[in-house]
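Q: Input entry08.cif, format and content: mmCIF, C-alpha atoms and all ligand atoms.
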data_my_file
loop_
_atom_site.group_PDB
_atom_site.id
_atom_site.type_symbol
_atom_site.label_atom_id
_atom_site.label_comp_id
_atom_site.auth_asym_id
_atom_site.auth_seq_id
_atom_site.Cartn_x
_atom_site.Cartn_y
_atom_site.Cartn_z
ATOM 1 C CA MET A 1 -32.778 66.040 2.767
ATOM 2 C CA ALA A 2 -35.227 68.625 1.518
ATOM 3 C CA SER A 3 -35.097 72.352 1.095
ATOM 4 C CA THR A 4 -37.399 75.116 0.049
ATOM 5 C CA GLU A 5 -37.324 78.820 -0.423
ATOM 6 C CA SER A 6 -40.010 81.480 -0.007
ATOM 7 C CA SER A 7 -40.335 85.199 0.177
ATOM 8 C CA LEU A 8 -41.810 85.816 3.627
ATOM 9 C CA LYS A 9 -43.687 88.716 5.135
ATOM 10 C CA THR A 10 -43.542 89.548 8.823
ATOM 11 C CA GLY A 11 -45.510 87.274 11.151
ATOM 12 C CA ASN A 12 -46.012 83.483 11.478
ATOM 13 C CA GLN A 13 -45.950 81.578 8.256
ATOM 14 C CA THR A 14 -45.662 77.970 7.088
ATOM 15 C CA MET A 15 -43.014 76.659 4.749
ATOM 16 C CA LEU A 16 -43.431 73.178 3.278
ATOM 17 C CA LEU A 17 -40.626 70.626 2.990
ATOM 18 C CA ASN A 18 -41.210 67.873 0.437
ATOM 19 C CA PHE A 19 -39.341 64.622 1.068
ATOM 20 C CA ASN A 20 -39.128 62.265 -1.876
ATOM 21 C CA GLY A 21 -41.328 59.161 -1.492
ATOM 22 C CA ASP A 22 -38.844 56.940 -3.355
ATOM 23 C CA ASP A 23 -36.145 57.885 -0.829
ATOM 24 C CA VAL A 24 -38.444 56.970 2.050
ATOM 25 C CA TYR A 25 -39.292 53.657 0.372
ATOM 26 C CA ASN A 26 -35.686 52.793 -0.485
ATOM 27 C CA ASN A 27 -34.644 53.346 3.134
ATOM 28 C CA MET A 28 -36.993 50.434 4.048
ATOM 29 C CA VAL A 29 -37.670 51.614 7.605
ATOM 30 C CA ASP A 30 -41.145 52.388 8.951
ATOM 31 C CA GLY A 31 -41.895 55.736 10.606
ATOM 32 C CA PRO A 32 -42.307 57.756 12.730
ATOM 33 C CA TYR A 33 -39.526 59.687 11.052
ATOM 34 C CA ILE A 34 -37.525 62.390 12.768
ATOM 35 C CA LEU A 35 -37.025 65.830 11.345
ATOM 36 C CA LYS A 36 -33.492 66.071 12.616
ATOM 37 C CA TYR A 37 -31.949 69.387 11.648
ATOM 38 C CA ILE A 38 -33.447 72.583 10.358
ATOM 39 C CA VAL A 39 -31.321 75.416 9.100
ATOM 40 C CA LEU A 40 -32.887 78.717 8.227
ATOM 41 C CA GLN A 41 -30.951 81.019 5.949
ATOM 42 C CA ASN A 42 -31.723 84.475 4.715
ATOM 43 C CA ASN A 43 -31.397 85.319 1.061
ATOM 44 C CA ASN A 44 -27.686 86.124 1.186
ATOM 45 C CA GLY A 45 -26.964 82.610 2.516
ATOM 46 C CA THR A 46 -26.134 83.485 6.112
ATOM 47 C CA GLN A 47 -27.615 81.292 8.819
ATOM 48 C CA ALA A 48 -30.528 82.962 10.576
ATOM 49 C CA ASP A 49 -31.533 80.080 12.860
ATOM 50 C CA TYR A 50 -30.835 76.397 13.547
ATOM 51 C CA LEU A 51 -32.814 73.693 15.387
ATOM 52 C CA GLU A 52 -32.063 70.025 16.139
ATOM 53 C CA ASN A 53 -34.571 67.172 16.733
ATOM 54 C CA VAL A 54 -37.343 69.367 15.535
ATOM 55 C CA TYR A 55 -40.250 67.040 15.008
ATOM 56 C CA ASN A 56 -41.401 63.394 14.952
ATOM 57 C CA THR A 57 -43.849 62.482 12.223
ATOM 58 C CA THR A 58 -46.807 60.191 12.781
ATOM 59 C CA ALA A 59 -46.281 56.480 12.089
ATOM 60 C CA TYR A 60 -46.031 55.413 8.453
ATOM 61 C CA ASN A 61 -45.220 52.154 6.713
ATOM 62 C CA TYR A 62 -42.365 52.753 4.306
ATOM 63 C CA THR A 63 -44.239 50.588 1.782
ATOM 64 C CA ASP A 64 -46.899 53.293 1.633
ATOM 65 C CA PHE A 65 -44.381 55.478 -0.154
ATOM 66 C CA ALA A 66 -43.536 55.109 -3.822
ATOM 67 C CA SER A 67 -45.330 52.730 -6.089
ATOM 68 C CA LYS A 68 -44.291 49.100 -6.116
ATOM 69 C CA PRO A 69 -42.180 48.138 -9.127
ATOM 70 C CA LEU A 70 -44.322 46.557 -11.830
ATOM 71 C CA VAL A 71 -41.930 43.643 -12.224
ATOM 72 C CA SER A 72 -39.747 41.796 -9.743
ATOM 73 C CA LEU A 73 -37.693 38.622 -9.487
ATOM 74 C CA THR A 74 -39.057 35.761 -7.399
ATOM 75 C CA GLY A 75 -35.526 34.461 -6.777
ATOM 76 C CA ASN A 76 -36.347 31.130 -8.433
ATOM 77 C CA TYR A 77 -34.039 29.995 -11.213
ATOM 78 C CA SER A 78 -33.610 26.790 -13.170
ATOM 79 C CA ASP A 79 -31.317 25.555 -15.925
ATOM 80 C CA ASN A 80 -31.234 22.702 -18.377
ATOM 81 C CA GLY A 81 -29.415 21.664 -21.517
ATOM 82 C CA LEU A 82 -31.625 21.258 -24.584
ATOM 83 C CA ASP A 83 -30.874 18.738 -27.335
ATOM 84 C CA THR A 84 -33.044 19.805 -30.273
ATOM 85 C CA ASN A 85 -31.797 17.264 -32.857
ATOM 86 C CA ASN A 86 -31.350 14.186 -30.646
ATOM 87 C CA ASP A 87 -27.616 13.734 -31.187
ATOM 88 C CA ILE A 88 -27.077 13.568 -27.392
ATOM 89 C CA LEU A 89 -25.216 16.905 -27.459
ATOM 90 C CA TYR A 90 -26.915 20.015 -26.056
ATOM 91 C CA ASP A 91 -27.637 22.662 -28.684
ATOM 92 C CA CYS A 92 -28.311 25.296 -26.057
ATOM 93 C CA LEU A 93 -28.514 26.014 -22.362
ATOM 94 C CA ILE A 94 -31.849 27.334 -21.153
ATOM 95 C CA ILE A 95 -32.010 29.340 -17.942
ATOM 96 C CA GLY A 96 -35.440 29.969 -16.429
ATOM 97 C CA VAL A 97 -35.856 33.147 -14.368
ATOM 98 C CA GLY A 98 -38.816 33.406 -11.984
ATOM 99 C CA VAL A 99 -40.627 36.728 -12.462
ATOM 100 C CA GLN A 100 -43.793 38.311 -11.129
ATOM 101 C CA VAL A 101 -45.604 41.380 -12.361
ATOM 102 C CA ALA A 102 -47.988 43.768 -10.583
ATOM 103 C CA SER A 103 -49.925 44.337 -13.801
ATOM 104 C CA ASN A 104 -50.215 42.470 -17.113
ATOM 105 C CA GLY A 105 -47.727 43.531 -19.731
ATOM 106 C CA ASN A 106 -44.532 42.972 -21.646
ATOM 107 C CA VAL A 107 -41.379 42.308 -19.697
ATOM 108 C CA ILE A 108 -37.945 42.526 -21.272
ATOM 109 C CA ILE A 109 -35.057 40.669 -19.712
ATOM 110 C CA SER A 110 -31.402 40.332 -20.642
ATOM 111 C CA ALA A 111 -28.371 38.823 -18.960
ATOM 112 C CA ARG A 112 -25.029 37.339 -19.872
ATOM 113 C CA LEU A 113 -23.572 33.912 -19.280
ATOM 114 C CA MET A 114 -20.024 33.785 -17.961
ATOM 115 C CA THR A 115 -17.522 31.046 -17.266
ATOM 116 C CA GLY A 116 -16.298 30.569 -13.707
ATOM 117 C CA ASN A 117 -13.020 32.285 -14.612
ATOM 118 C CA GLY A 118 -14.837 35.421 -15.761
ATOM 119 C CA ASN A 119 -15.014 35.040 -19.560
ATOM 120 C CA GLU A 120 -18.188 36.122 -21.272
ATOM 121 C CA ILE A 121 -19.913 33.375 -23.271
ATOM 122 C CA GLN A 122 -22.945 35.234 -24.588
ATOM 123 C CA TRP A 123 -25.637 37.824 -23.889
ATOM 124 C CA ALA A 124 -29.208 36.622 -24.225
ATOM 125 C CA SER A 125 -32.508 38.451 -24.016
ATOM 126 C CA ASN A 126 -36.181 37.701 -24.188
ATOM 127 C CA THR A 127 -39.525 39.497 -24.153
ATOM 128 C CA SER A 128 -42.713 37.944 -22.771
ATOM 129 C CA TYR A 129 -46.228 39.105 -22.086
ATOM 130 C CA LEU A 130 -46.810 38.227 -18.421
ATOM 131 C CA TYR A 131 -49.923 38.070 -16.281
ATOM 132 C CA GLU A 132 -50.265 39.409 -12.754
ATOM 133 C CA ASN A 133 -50.902 37.124 -9.780
ATOM 134 C CA GLN A 134 -49.108 34.280 -11.530
ATOM 135 C CA THR A 135 -45.691 32.804 -11.177
ATOM 136 C CA ASN A 136 -44.010 33.363 -14.526
ATOM 137 C CA THR A 137 -40.757 31.966 -15.842
ATOM 138 C CA MET A 138 -38.826 33.878 -18.460
ATOM 139 C CA LEU A 139 -36.392 31.816 -20.507
ATOM 140 C CA LEU A 140 -32.907 32.857 -21.580
ATOM 141 C CA ARG A 141 -31.386 30.739 -24.324
ATOM 142 C CA PHE A 142 -27.607 30.449 -24.687
ATOM 143 C CA ASN A 143 -25.902 28.972 -27.737
ATOM 144 C CA GLY A 144 -24.356 25.530 -27.124
ATOM 145 C CA THR A 145 -21.536 26.040 -29.601
ATOM 146 C CA LEU A 146 -20.407 29.179 -27.767
ATOM 147 C CA ILE A 147 -20.493 27.282 -24.471
ATOM 148 C CA HIS A 148 -18.487 24.471 -26.059
ATOM 149 C CA ASP A 149 -15.986 26.932 -27.508
ATOM 150 C CA SER A 150 -15.370 28.484 -24.070
ATOM 151 C CA LEU A 151 -13.565 25.201 -23.307
ATOM 152 C CA ILE A 152 -14.518 25.740 -19.633
ATOM 153 C CA ASN A 153 -16.732 23.415 -17.638
ATOM 154 C CA GLY A 154 -19.696 24.774 -15.659
ATOM 155 C CA PRO A 155 -21.197 25.804 -13.340
ATOM 156 C CA TYR A 156 -21.732 28.880 -15.504
ATOM 157 C CA GLN A 157 -22.737 32.216 -14.029
ATOM 158 C CA LEU A 158 -25.694 34.335 -15.014
ATOM 159 C CA LYS A 159 -24.593 37.946 -14.536
ATOM 160 C CA ASP A 160 -25.737 41.512 -15.144
ATOM 161 C CA LEU A 161 -29.387 40.591 -15.292
ATOM 162 C CA TYR A 162 -31.441 43.601 -16.378
ATOM 163 C CA MET A 163 -35.212 43.565 -16.572
ATOM 164 C CA TYR A 164 -38.045 46.047 -17.012
ATOM 165 C CA HIS A 165 -41.778 46.207 -17.555
ATOM 166 C CA THR A 166 -42.761 48.262 -20.598
ATOM 167 C CA GLY A 167 -45.463 49.901 -18.433
ATOM 168 C CA ASP A 168 -42.809 51.483 -16.196
ATOM 169 C CA LEU A 169 -39.497 52.167 -17.848
ATOM 170 C CA GLU A 170 -38.153 53.968 -14.779
ATOM 171 C CA LYS A 171 -38.219 51.099 -12.298
ATOM 172 C CA SER A 172 -35.929 48.508 -13.804
ATOM 173 C CA VAL A 173 -34.410 45.551 -11.991
ATOM 174 C CA TYR A 174 -30.681 44.935 -12.071
ATOM 175 C CA VAL A 175 -28.782 42.094 -10.404
ATOM 176 C CA ALA A 176 -25.013 41.805 -10.864
ATOM 177 C CA ASN A 177 -24.726 38.147 -9.827
ATOM 178 C CA ALA A 178 -28.036 36.469 -10.533
ATOM 179 C CA TYR A 179 -27.483 32.715 -10.630
ATOM 180 C CA ASN A 180 -24.997 29.858 -10.875
ATOM 181 C CA THR A 181 -26.047 26.946 -13.100
ATOM 182 C CA SER A 182 -25.562 23.313 -12.246
ATOM 183 C CA ALA A 183 -22.298 21.683 -13.241
ATOM 184 C CA TYR A 184 -21.893 20.941 -16.962
ATOM 185 C CA SER A 185 -19.015 19.678 -19.015
ATOM 186 C CA TYR A 186 -18.406 21.952 -22.016
ATOM 187 C CA THR A 187 -18.047 18.782 -24.101
ATOM 188 C CA ALA A 188 -21.737 18.048 -23.416
ATOM 189 C CA PHE A 189 -22.531 20.971 -25.740
ATOM 190 C CA PHE A 190 -22.384 20.799 -29.510
ATOM 191 C CA GLY A 191 -19.312 22.387 -31.052
ATOM 192 C CA LEU A 192 -18.648 22.824 -34.753
ATOM 193 C CA PRO A 193 -16.205 20.203 -36.074
ATOM 194 C CA GLU A 194 -12.804 21.584 -36.916
ATOM 195 C CA CYS A 195 -12.630 22.289 -40.642
ATOM 196 C CA LYS A 196 -10.028 20.793 -42.960
ATOM 197 C CA LYS A 197 -7.377 23.124 -44.321
ATOM 198 C CA GLY A 198 -8.779 24.777 -47.455
ATOM 199 C CA ASP A 199 -12.406 23.872 -46.662
ATOM 200 C CA GLU A 200 -13.662 27.437 -46.328
ATOM 201 C CA ASN A 201 -17.356 26.662 -45.917
ATOM 202 C CA CYS A 202 -16.609 23.756 -43.597
ATOM 203 C CA ASP A 203 -18.716 21.219 -45.508
ATOM 204 C CA GLY A 204 -16.006 18.531 -45.305
ATOM 205 C CA ILE A 205 -14.920 18.939 -48.950
ATOM 206 C CA VAL A 206 -12.218 21.123 -50.477
ATOM 207 C CA SER A 207 -13.807 22.105 -53.793
ATOM 208 C CA ASP A 208 -11.925 23.278 -56.909
ATOM 209 C CA PHE A 209 -13.022 26.859 -56.221
ATOM 210 C CA GLU A 210 -11.879 26.685 -52.625
ATOM 211 C CA LEU A 211 -8.485 25.395 -53.726
ATOM 212 C CA LEU A 212 -8.186 28.190 -56.313
ATOM 213 C CA ASP A 213 -8.917 30.670 -53.515
ATOM 214 C CA CYS A 214 -6.139 29.111 -51.439
ATOM 215 C CA ILE A 215 -3.693 29.334 -54.340
ATOM 216 C CA SER A 216 -4.550 32.986 -54.932
ATOM 217 C CA GLU A 217 -4.145 33.735 -51.200
ATOM 218 C CA TRP A 218 -0.847 31.839 -51.233
ATOM 219 C CA ALA A 219 0.275 33.904 -54.252
ATOM 220 C CA ASN A 220 -0.535 37.038 -52.254
ATOM 221 C CA GLY A 221 1.462 35.789 -49.306
ATOM 222 C CA LEU A 222 -1.634 35.188 -47.147
ATOM 223 C CA PHE A 223 -1.360 31.402 -47.075
ATOM 224 C CA ALA A 224 1.719 29.482 -45.879
ATOM 225 C CA ASP A 225 3.397 26.908 -48.165
ATOM 226 C CA PHE A 226 2.656 23.956 -45.911
ATOM 227 C CA ASP A 227 -0.992 25.095 -45.484
ATOM 228 C CA LEU A 228 -1.342 25.100 -49.291
ATOM 229 C CA LEU A 229 0.184 21.611 -49.526
ATOM 230 C CA GLU A 230 -2.302 20.401 -46.892
ATOM 231 C CA ALA A 231 -5.190 22.021 -48.803
ATOM 232 C CA ILE A 232 -4.019 20.374 -52.060
ATOM 233 C CA ASN A 233 -3.811 17.059 -50.238
ATOM 234 C CA ASN A 234 -7.385 17.482 -48.915
ATOM 235 C CA TRP A 235 -8.598 18.531 -52.396
ATOM 236 C CA SER A 236 -6.973 15.489 -54.046
ATOM 237 C CA LYS A 237 -8.996 13.169 -51.779
ATOM 238 C CA VAL A 238 -12.333 14.434 -53.118
ATOM 239 C CA GLY A 239 -14.292 11.776 -54.973
HETATM 240 CA CA CA B 301 -28.026 18.211 -30.224
HETATM 241 CA CA CA B 302 -15.907 23.155 -48.863
#
Transcribe the structure of this file into structure tokens.
Ligand SMILES: [Ca+2]
Ligand SMILES: [Ca+2]

A:
Amino acid sequence: MASTESSLKTGNQTMLLNFNGDDVYNNMVDGPYILKYIVLQNNNGTQADYLENVYNTTAYNYTDFASKPLVSLTGNYSDNGLDTNNDILYDCLIIGVGVQVASNGNVIISARLMTGNGNEIQWASNTSYLYENQTNTMLLRFNGTLIHDSLINGPYQLKDLYMYHTGDLEKSVYVANAYNTSAYSYTAFFGLPECKKGDENCDGIVSDFELLDCISEWANGLFADFDLLEAINNWSKVG
């Protein structure tokens, strides 16, 4: 849809209608295009004339309209668990996202990892300088402890992927449901050990100071009697 307005004199004159190139591109159909309806109104808004099937344009490729986005997804994804300290448990889940760019530059990507039952595990993002005419993989790194603490086995879902090239902030890429990972057991990921009662910094020891904290919290009604007894019991086993 396009419209224009001019102050006309008597006699034949030309009015120009500008159709947005992005709209033509997003329609993804090659021309010729049909100028379907024309309504002519005078300046008080009443219809002066009307024509249907007015004109067929010459042939165009829709791809000739609007510039190509500078960054796009190739549709290739990969995932793997990474064990950085060789204790057999994964410290993080790495998802690789295939990306290509139409010109060299920084690409920013973010997405969130979800469990199959729709709980969010974590958002991750990354920035990389990418080169044109190459297949690039951008990596998203998700924390293994958060995956473990979801208590839900994979496949996990990569959702709400958002990506843009810093050379063109207007043409971003968004995909609601980007990728499903392979199957993982949440127990394959490293989770923090459960801390003993009274062990506030979770180092396996209830120190004198930590016990004093517990007693003061108990005195203020913030710590239950049996929790304090358990903390005292854990404290007494030190050394
Ligand atoms: Ca590990
Ligand atoms: Ca401690």

Q: As a ChimeraX atom specification, please: every protein or nucleic acid residue near ligand CA 301 (chain B) (cut-off 6 Å, counting all atoms listed in the file).

A: /A:83-91

Q: Can you tell me which residues surround Ile38 of chain A at a distance of at most 9 Å, considering all atoms listed in the file, apart from same-chain residues fewer than 5 positions away, and format the answer as a list in words?

A: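 Residues near the query, excluding close chain neighbours: Asp49, Tyr50, Leu51, Glu52, Asn53 and Val54 of chain A.
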
Q: Check which residues satisfy the PyMOL selection byres (((chain A and resi 109) around 10) and not hetatm) in the file shown, then give them as number ranges by chain.

A: A: 97, 99, 106-108, 110-111, 124-128, 138-140, 161-165, 172-174

Q: Can you turn the PyMOL selection byres (((not hetatm)) within 8 of (chain B and resi 302)) into a concrete residue list for this file, as a PDB file with C-alpha atoms, in the frame of the given file?

A:
ATOM      1  CA  GLY A 198      -8.779  24.777 -47.455  1.00  0.00           C
ATOM      2  CA  ASP A 199     -12.406  23.872 -46.662  1.00  0.00           C
ATOM      3  CA  GLU A 200     -13.662  27.437 -46.328  1.00  0.00           C
ATOM      4  CA  ASN A 201     -17.356  26.662 -45.917  1.00  0.00           C
ATOM      5  CA  CYS A 202     -16.609  23.756 -43.597  1.00  0.00           C
ATOM      6  CA  ASP A 203     -18.716  21.219 -45.508  1.00  0.00           C
ATOM      7  CA  GLY A 204     -16.006  18.531 -45.305  1.00  0.00           C
ATOM      8  CA  ILE A 205     -14.920  18.939 -48.950  1.00  0.00           C
ATOM      9  CA  VAL A 206     -12.218  21.123 -50.477  1.00  0.00           C
ATOM     10  CA  SER A 207     -13.807  22.105 -53.793  1.00  0.00           C
ATOM     11  CA  GLU A 210     -11.879  26.685 -52.625  1.00  0.00           C
TER      12      GLU A 210
END

Q: If you apply the PyMOL selection byres (((chain A and resi 178) around 7) and not hetatm) to this file, what residues do you get, as number ranges by chain?

A: A: 158-159, 161, 175-177, 179

Q: Once you have the residues from the selection above, write them out as a PDB file, in the frame of the given file, restricted to C-alpha atoms.

A:
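Final file, again_26.pdb:
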ATOM      1  CA  LEU A 158     -25.694  34.335 -15.014  1.00  0.00           C
ATOM      2  CA  LYS A 159     -24.593  37.946 -14.536  1.00  0.00           C
ATOM      3  CA  LEU A 161     -29.387  40.591 -15.292  1.00  0.00           C
ATOM      4  CA  VAL A 175     -28.782  42.094 -10.404  1.00  0.00           C
ATOM      5  CA  ALA A 176     -25.013  41.805 -10.864  1.00  0.00           C
ATOM      6  CA  ASN A 177     -24.726  38.147  -9.827  1.00  0.00           C
ATOM      7  CA  TYR A 179     -27.483  32.715 -10.630  1.00  0.00           C
TER       8      TYR A 179
END

Q: So how many Å separate atom CA of Asn76 of chain A and atom CA of Gly96 of chain A, to one decimal?

A: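 One can read the atom CA of Asn76 of chain A to atom CA of Gly96 of chain A distance as 8.1 Å.
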
Q: Find the residues near Gln157 of chain A: any atom within 12 Å, counting only C-alpha atoms, skip ones fewer than 3 places away on the same chain, and give them as number ranges by chain.

A: A: 77, 79, 93, 95, 111-123, 142, 147, 152-154, 160-161, 176-184

Q: Please indicate the distance in Å from atom CA of Ser103 of chain A to atom CA of Leu169 of chain A, rounded to one decimal place.

A: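 Atom CA of Leu169 of chain A lies 13.7 Å from atom CA of Ser103 of chain A.
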
Q: Find the residues around Glu132 of chain A up to 7 Å (only C-alpha atoms counted), leave out those fewer than 5 positions away in its own chain, and share them as a list in words.

A: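 Skipping anything fewer than 5 positions along the chain leaves Gln100, Val101, Ala102, Ser103 and Asn104 of chain A.
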
Q: Which residues, protein or nucleic acid, reach to within 10 Å of (-35.2, 88.7, 1.4) in the file's coordinates when using only C-alpha atoms, and can you give that as a short mmCIF file (atom, residue, chain, number, x, y, z; two decimals) with C-alpha atoms, in the frame of the given file?

A:
data_model
loop_
_atom_site.label_atom_id
_atom_site.label_comp_id
_atom_site.auth_asym_id
_atom_site.auth_seq_id
_atom_site.Cartn_x
_atom_site.Cartn_y
_atom_site.Cartn_z
CA SER A 6 -40.01 81.48 -0.01
CA SER A 7 -40.34 85.20 0.18
CA LEU A 8 -41.81 85.82 3.63
CA LYS A 9 -43.69 88.72 5.14
CA GLN A 41 -30.95 81.02 5.95
CA ASN A 42 -31.72 84.48 4.72
CA ASN A 43 -31.40 85.32 1.06
CA ASN A 44 -27.69 86.12 1.19
#

Q: For Tyr33 of chain A, which of A:Ala59, A:Ile215, A:Leu151, A:Met1 is the closest residue, counting all atoms listed in the file?

A: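 Of A:Ala59, A:Ile215, A:Leu151, A:Met1, the one nearest Tyr33 of chain A, counting all atoms listed in the file, is A:Ala59.
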
Q: Figure out the distance between atom CA of Ser72 of chain A and atom CA of Gly31 of chain A, please, to one decimal in Å.

A: 24.8 Å

Q: Identify which of the residues A:Gly75, A:Gly45, A:Gly81, A:Gly167 lies closest to Gly105 of chain A, counting only C-alpha atoms when measuring atom-to-atom distances.

A: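 Among A:Gly75, A:Gly45, A:Gly81, A:Gly167, it is A:Gly167 that comes nearest to Gly105 of chain A.
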
Q: Give the answer as one residue: which of A:Met15, A:Thr135, A:Gln47, A:Tyr55 has the shortest atom-to-atom distance to Thr74 of chain A, using all atoms listed in the file?

A: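 The answer is A:Thr135, which sits nearest to Thr74 of chain A.
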
Q: Here is a test: counting all atoms listed in the file, which residue of A:Lys196, A:Phe209, A:Leu16, A:Val39 is nearest to Asp227 of chain A?

A: A:Lys196

Q: Could you list, as a ChimeraX atom specification, every residue within 12 Å of Asn61 of chain A, counting only C-alpha atoms and ignoring same-chain residues fewer than 6 positions away?

A: /A:21,24-33

Q: Env of Asn18 of chain A: 12 Å cut, atoms = only C-alpha atoms, seq-sep filter 6 positions within chain, self excluded. Answer as an MDAnalysis selection string.

A: chainID A and resid 1:5 24 35

Q: Find the residue from A:Glu230, A:Ile94, A:Tyr37, A:Asp23 that sits nearest to Ser78 of chain A; use all atoms listed in the file when measuring.

A: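 Using all atoms listed in the file, Ser78 of chain A sits closest to A:Ile94.
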